[in-house]
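What follows is a single structure, written as structure tokens, with notes after it.
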Amino acid sequence: MKALPPFPPLFKERFDGLPLSSDGDAASEEFITRAHELAVSWLPADVRTRLETFLHDSSGPSVLVVRGLPVDSDPPPTPYAVGNMSAKPGKVMSEAWVLAVARLIGQPVTYQTLVKRGMAGGLVCDLTPNPNSIDKVAFDGCKKVLDLHRDFAVTSEKIVADALLLIGVRGDPRKEAQTTVCDFRALLAATSPSDVSILRSEPMRWNFGSAANNSFAVAEKFLITGPDSNPLVNIFEENILPVGAASLKGSPQLLEAYARLKETARQLAVGVWLDAGDLLIVNNSRAAHGRTAYTAVFDGSDRWVQRVYAKRELVGCPGEPPSRVLRFAS
Ligand SMILES: O=C(O)CCC(=O)C(=O)O
Ligand SMILES: [Fe+2]
């Protein structure tokens with residue numbers, strides 16, 4: 001195998017003088033371009049091919065893990081105030097990688113609600129435990145399991161991210177925190193034909209009441225669509241905040257089949273522990289993901305993951321030009 005050129009000097013050369021954070025504005029375009037160039041020149045060709053075909057090859061894997069990408073060996077302490085992180089000193093290498101790979105598989109995008117909430121800049125979201133969310137079912141929770149789900153399951157399909165990318169900045173030192181994944185082909189194969197038939201033929205209604213952050217009040221979708229050889233399973237985590245506490249409406253048969261589907265997904269799920277430089281890429285229409293419960297101690301040593309969403313190509317909200325910042329339909 002051909003030896004790869006040493007990475008840090010290349011990195012310094014390409015990124016010297018660029019702002020450290022990428023927040024979905026014009027400056028982030030240059031950041032994405034340079035990161036993409038660097039990845040193209042440095043990654044082995046076979047790895048690049050796997051990444052570039054990932055969203056286009058429906059016979060291939062629905063989840064990829066790339067381990068050991070060169071990121072900062074000594075990142076700053078894990079930050080905890082999720083809603084209030086603007087400076088990102090020292091961890092630019094992980095941001096460059098996660099954005100570069102999002103650009104290799106498609107186009108990095110974000111959502112206005114994330115930018116508005118100030119979650120660490122929009123395009124790259126920091127996922128760290130939050131002392132105010134310890135017992136909450138949330139991205140920034142820790143003690144509660146985040147059940148298997150498809151991100152944006154309850155929003156309009158046009159803006160649903162095709163993939164999510166999670167890169168470790170700091171692995172959970174206790175190795176309890178794992179991202180769980182479940183392939184939809186495997187899930188369908190383990191589901192009874194009568195349940196598949198109900199889940200394909202009666203839509204589920206999610207009713208969010210007033211707790212829906214004004215984004216949507218009701219969503220209605222079939223839980224299984226697409227061919228049996230490549231199904232889309234619209235599984236959701238109904239308790240996740242800030243959406244939270246959706247009530248489900250459907251026939252008793254549908255609700256029971258959905259409960260069994262979720263239990264089967266839990267049984268099939270595989271856990272992935274993300275160390276610094278490990279990147280997990282999930283096809284958001286071909287696999288569900290979640291997170292185990294874990295312990296956080298809030299002394300700067302806790303798990304720190306960065307997340308980027310990707311679309312196959314940039315799209316616009318209805319009637320608008322394509323954009324990296326998408327809005328949920330109202
Ligand atoms: O923390 C994780 O591993 C997964 C979080 C998650 O579900 C997400 O970022 O969409
Ligand atoms: Fe998620």
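Letters A, B, ... go to the chains of the structure tokens in the order shown; residues in each chain start at 1; ligands are counted from 1 in the same order.
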Selection as a CSV table (one decimal) with C-alpha atoms, in the first residue's frame: residues within 9 Å of ligand 2 by only C-alpha atoms and all ligand atoms:
chain,number,residue,atom,x,y,z
A,139,PHE,CA,-29.3,15.1,21.6
A,146,LEU,CA,-32.2,8.0,22.5
A,148,LEU,CA,-33.8,4.4,17.1
A,149,HIS,CA,-35.1,7.0,14.7
A,150,ARG,CA,-34.8,8.6,11.3
A,151,ASP,CA,-33.9,12.3,11.6
A,152,PHE,CA,-36.6,14.6,10.4
A,164,LEU,CA,-26.0,12.4,8.8
A,237,GLU,CA,-38.3,8.9,18.6
A,288,ALA,CA,-32.1,4.3,11.7
A,289,HIS,CA,-29.8,5.6,14.4
A,290,GLY,CA,-30.0,6.4,18.1
A,291,ARG,CA,-27.7,6.6,21.2
For this session: Just list the residues in range 53-274 of chain A DSSP gives strand (DSSP E) on the backbone, as a PyMOL selection string.
Result: chain A and resi 63-66+107-111+125-127+146-149+163-170+179-183+204-207+218-221+224-225+232-233+247-249+270-272
Output C-alpha atoms for every residue in that selection, as a tab-separated table (two decimals), in the first residue's frame.
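Contents of again13.tsv, freshly written:
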chain	number	residue	atom	x	y	z
A	63	VAL	CA	-23.87	2.93	7.21
A	64	LEU	CA	-20.11	3.53	6.89
A	65	VAL	CA	-17.49	3.99	9.58
A	66	VAL	CA	-14.14	5.60	8.79
A	107	GLN	CA	-23.59	18.72	-0.01
A	108	PRO	CA	-23.43	19.77	3.65
A	109	VAL	CA	-26.65	21.45	4.80
A	110	THR	CA	-28.21	22.67	7.99
A	111	TYR	CA	-31.62	23.85	9.24
A	125	CYS	CA	-23.39	21.00	15.42
A	126	ASP	CA	-21.58	20.04	18.60
A	127	LEU	CA	-23.19	17.16	20.44
A	146	LEU	CA	-32.18	8.03	22.47
A	147	ASP	CA	-34.32	5.41	20.77
A	148	LEU	CA	-33.75	4.43	17.14
A	149	HIS	CA	-35.08	7.00	14.72
A	163	ALA	CA	-27.31	11.46	5.45
A	164	LEU	CA	-25.96	12.44	8.82
A	165	LEU	CA	-22.27	12.37	9.66
A	166	LEU	CA	-20.99	12.08	13.22
A	167	ILE	CA	-17.29	12.58	13.98
A	168	GLY	CA	-15.71	11.99	17.37
A	169	VAL	CA	-13.75	14.91	18.81
A	170	ARG	CA	-13.41	13.10	22.16
A	179	THR	CA	-24.36	5.55	18.52
A	180	THR	CA	-26.74	2.72	17.62
A	181	VAL	CA	-27.63	1.90	14.01
A	182	CYS	CA	-30.17	-0.42	12.39
A	183	ASP	CA	-30.33	-1.18	8.66
A	204	MET	CA	-49.31	7.13	11.07
A	205	ARG	CA	-50.30	10.54	12.39
A	206	TRP	CA	-48.06	12.34	14.84
A	207	ASN	CA	-49.82	15.05	16.79
A	218	VAL	CA	-49.34	17.31	12.77
A	219	ALA	CA	-47.42	14.99	10.49
A	220	GLU	CA	-48.78	12.06	8.55
A	221	LYS	CA	-46.66	9.47	6.78
A	224	ILE	CA	-42.77	1.78	5.43
A	225	THR	CA	-42.43	2.88	1.80
A	232	LEU	CA	-37.58	3.42	3.81
A	233	VAL	CA	-38.76	3.01	7.40
A	247	SER	CA	-49.08	11.57	20.49
A	248	LEU	CA	-49.58	8.84	17.92
A	249	LYS	CA	-52.85	8.43	16.06
A	270	VAL	CA	-25.43	-2.35	16.54
A	271	GLY	CA	-23.51	0.11	18.74
A	272	VAL	CA	-20.62	2.22	17.46
For this session: Compile the contact shell of Arg185 in chain A as a ChimeraX atom specification: residues with an atom at most 7 Å away, counting only C-alpha atoms, same-chain residues fewer than 3 positions apart removed.
Result: /A:188-189,229-231
Exercise. Using only C-alpha atoms, which of A:Arg266, A:Arg324, A:Arg303, A:Arg312 sits nearest Tyr80 in chain A?
Worked result: A:Arg303
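Reported to one decimal place, the separation of CA of Ala190 in chain A from CA of Ile240 in chain A is 25.5 Å.
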For this session: Measuring atom to atom with only C-alpha atoms and all ligand atoms, identify which of A:Met93, A:Val297, A:Ile105, A:Ile281 is nearest to ligand 1.
Result: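 Answer, going by the shortest atom-to-atom distance: A:Ile281.
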Problem set entry | Residues of range 113-169 of chain A in alpha helix (DSSP H), written as a PyMOL selection string | chain A and resi 113-116
Next, dump the selected residues to file, keeping only N, CA and C atoms, as a PDB file, in the first residue's frame.
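Generated output (part32.pdb):
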ATOM      1  N   THR A 113     -33.609  26.173  12.243  1.00  0.00           N
ATOM      2  CA  THR A 113     -33.844  26.041  13.694  1.00  0.00           C
ATOM      3  C   THR A 113     -32.530  25.779  14.430  1.00  0.00           C
ATOM      4  N   LEU A 114     -31.621  25.036  13.810  1.00  0.00           N
ATOM      5  CA  LEU A 114     -30.338  24.761  14.462  1.00  0.00           C
ATOM      6  C   LEU A 114     -29.498  26.031  14.509  1.00  0.00           C
ATOM      7  N   VAL A 115     -29.494  26.770  13.394  1.00  0.00           N
ATOM      8  CA  VAL A 115     -28.724  28.015  13.353  1.00  0.00           C
ATOM      9  C   VAL A 115     -29.287  28.981  14.384  1.00  0.00           C
ATOM     10  N   LYS A 116     -30.626  29.061  14.422  1.00  0.00           N
ATOM     11  CA  LYS A 116     -31.279  29.996  15.351  1.00  0.00           C
ATOM     12  C   LYS A 116     -30.979  29.656  16.801  1.00  0.00           C
TER      13      LYS A 116
END
Exercise. Between A:Tyr258, A:Phe11, A:Phe54, A:Tyr309, which one has atoms that come closest to ligand 1, using only C-alpha atoms and all ligand atoms?
Worked result: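 Under the stated criterion, the closest residue is A:Tyr309.
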Exercise. So what do you get for CA of Thr49 in chain A versus CA of Asp228 in chain A, distance-wise?
Worked result: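 Between CA of Thr49 in chain A and CA of Asp228 in chain A the gap works out to 26.4 Å.
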Problem set entry | Nearest residue to ligand 1 from the set A:Gln253, A:Thr128, A:Asn234, A:Ser194 (distances using only C-alpha atoms and all ligand atoms) |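 Of all the options, A:Thr128 lies closest to ligand 1.
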Exercise. Nearest to ligand 1: which of A:Ala177, A:Leu187, A:Ala257, A:Leu268 is it, counting only C-alpha atoms and all ligand atoms?
Worked result: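 Nearest to ligand 1: A:Ala177.
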Got a sec: who's within 10 Å of Arg103 in chain A, counting only C-alpha atoms, leaving out chain neighbours fewer than 2 positions off, as a tab-separated table (two decimals) with C-alpha atoms, in the first residue's frame?
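What follows is the written file result_8.tsv:
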chain	number	residue	atom	x	y	z
A	32	ILE	CA	-15.82	23.59	2.65
A	33	THR	CA	-13.92	23.96	-0.64
A	35	ALA	CA	-11.56	20.86	3.25
A	36	HIS	CA	-12.91	18.98	0.24
A	37	GLU	CA	-9.70	19.58	-1.75
A	39	ALA	CA	-9.71	15.18	1.51
A	51	LEU	CA	-17.66	7.76	0.04
A	52	GLU	CA	-18.56	9.25	-3.32
A	97	TRP	CA	-13.04	16.32	7.99
A	98	VAL	CA	-16.73	16.09	8.68
A	99	LEU	CA	-17.52	18.87	6.20
A	100	ALA	CA	-15.11	17.46	3.62
A	101	VAL	CA	-16.72	14.03	3.75
A	105	ILE	CA	-20.92	12.20	-0.43
A	106	GLY	CA	-23.08	15.22	-1.41
A	107	GLN	CA	-23.59	18.72	-0.01
A	108	PRO	CA	-23.43	19.77	3.65
A	109	VAL	CA	-26.65	21.45	4.80
A	310	ALA	CA	-25.81	16.14	3.93
A	311	LYS	CA	-28.17	16.21	0.96
A	312	ARG	CA	-27.34	14.45	-2.32
A	313	GLU	CA	-27.54	17.89	-3.87
Exercise. With only C-alpha atoms as the atoms that count, which of A:Ala138, A:Ala161, A:Leu274, A:Ala186 lies nearest to Arg327 in chain A?
Worked result: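 For Arg327 in chain A, the nearest of the candidates is A:Ala161.
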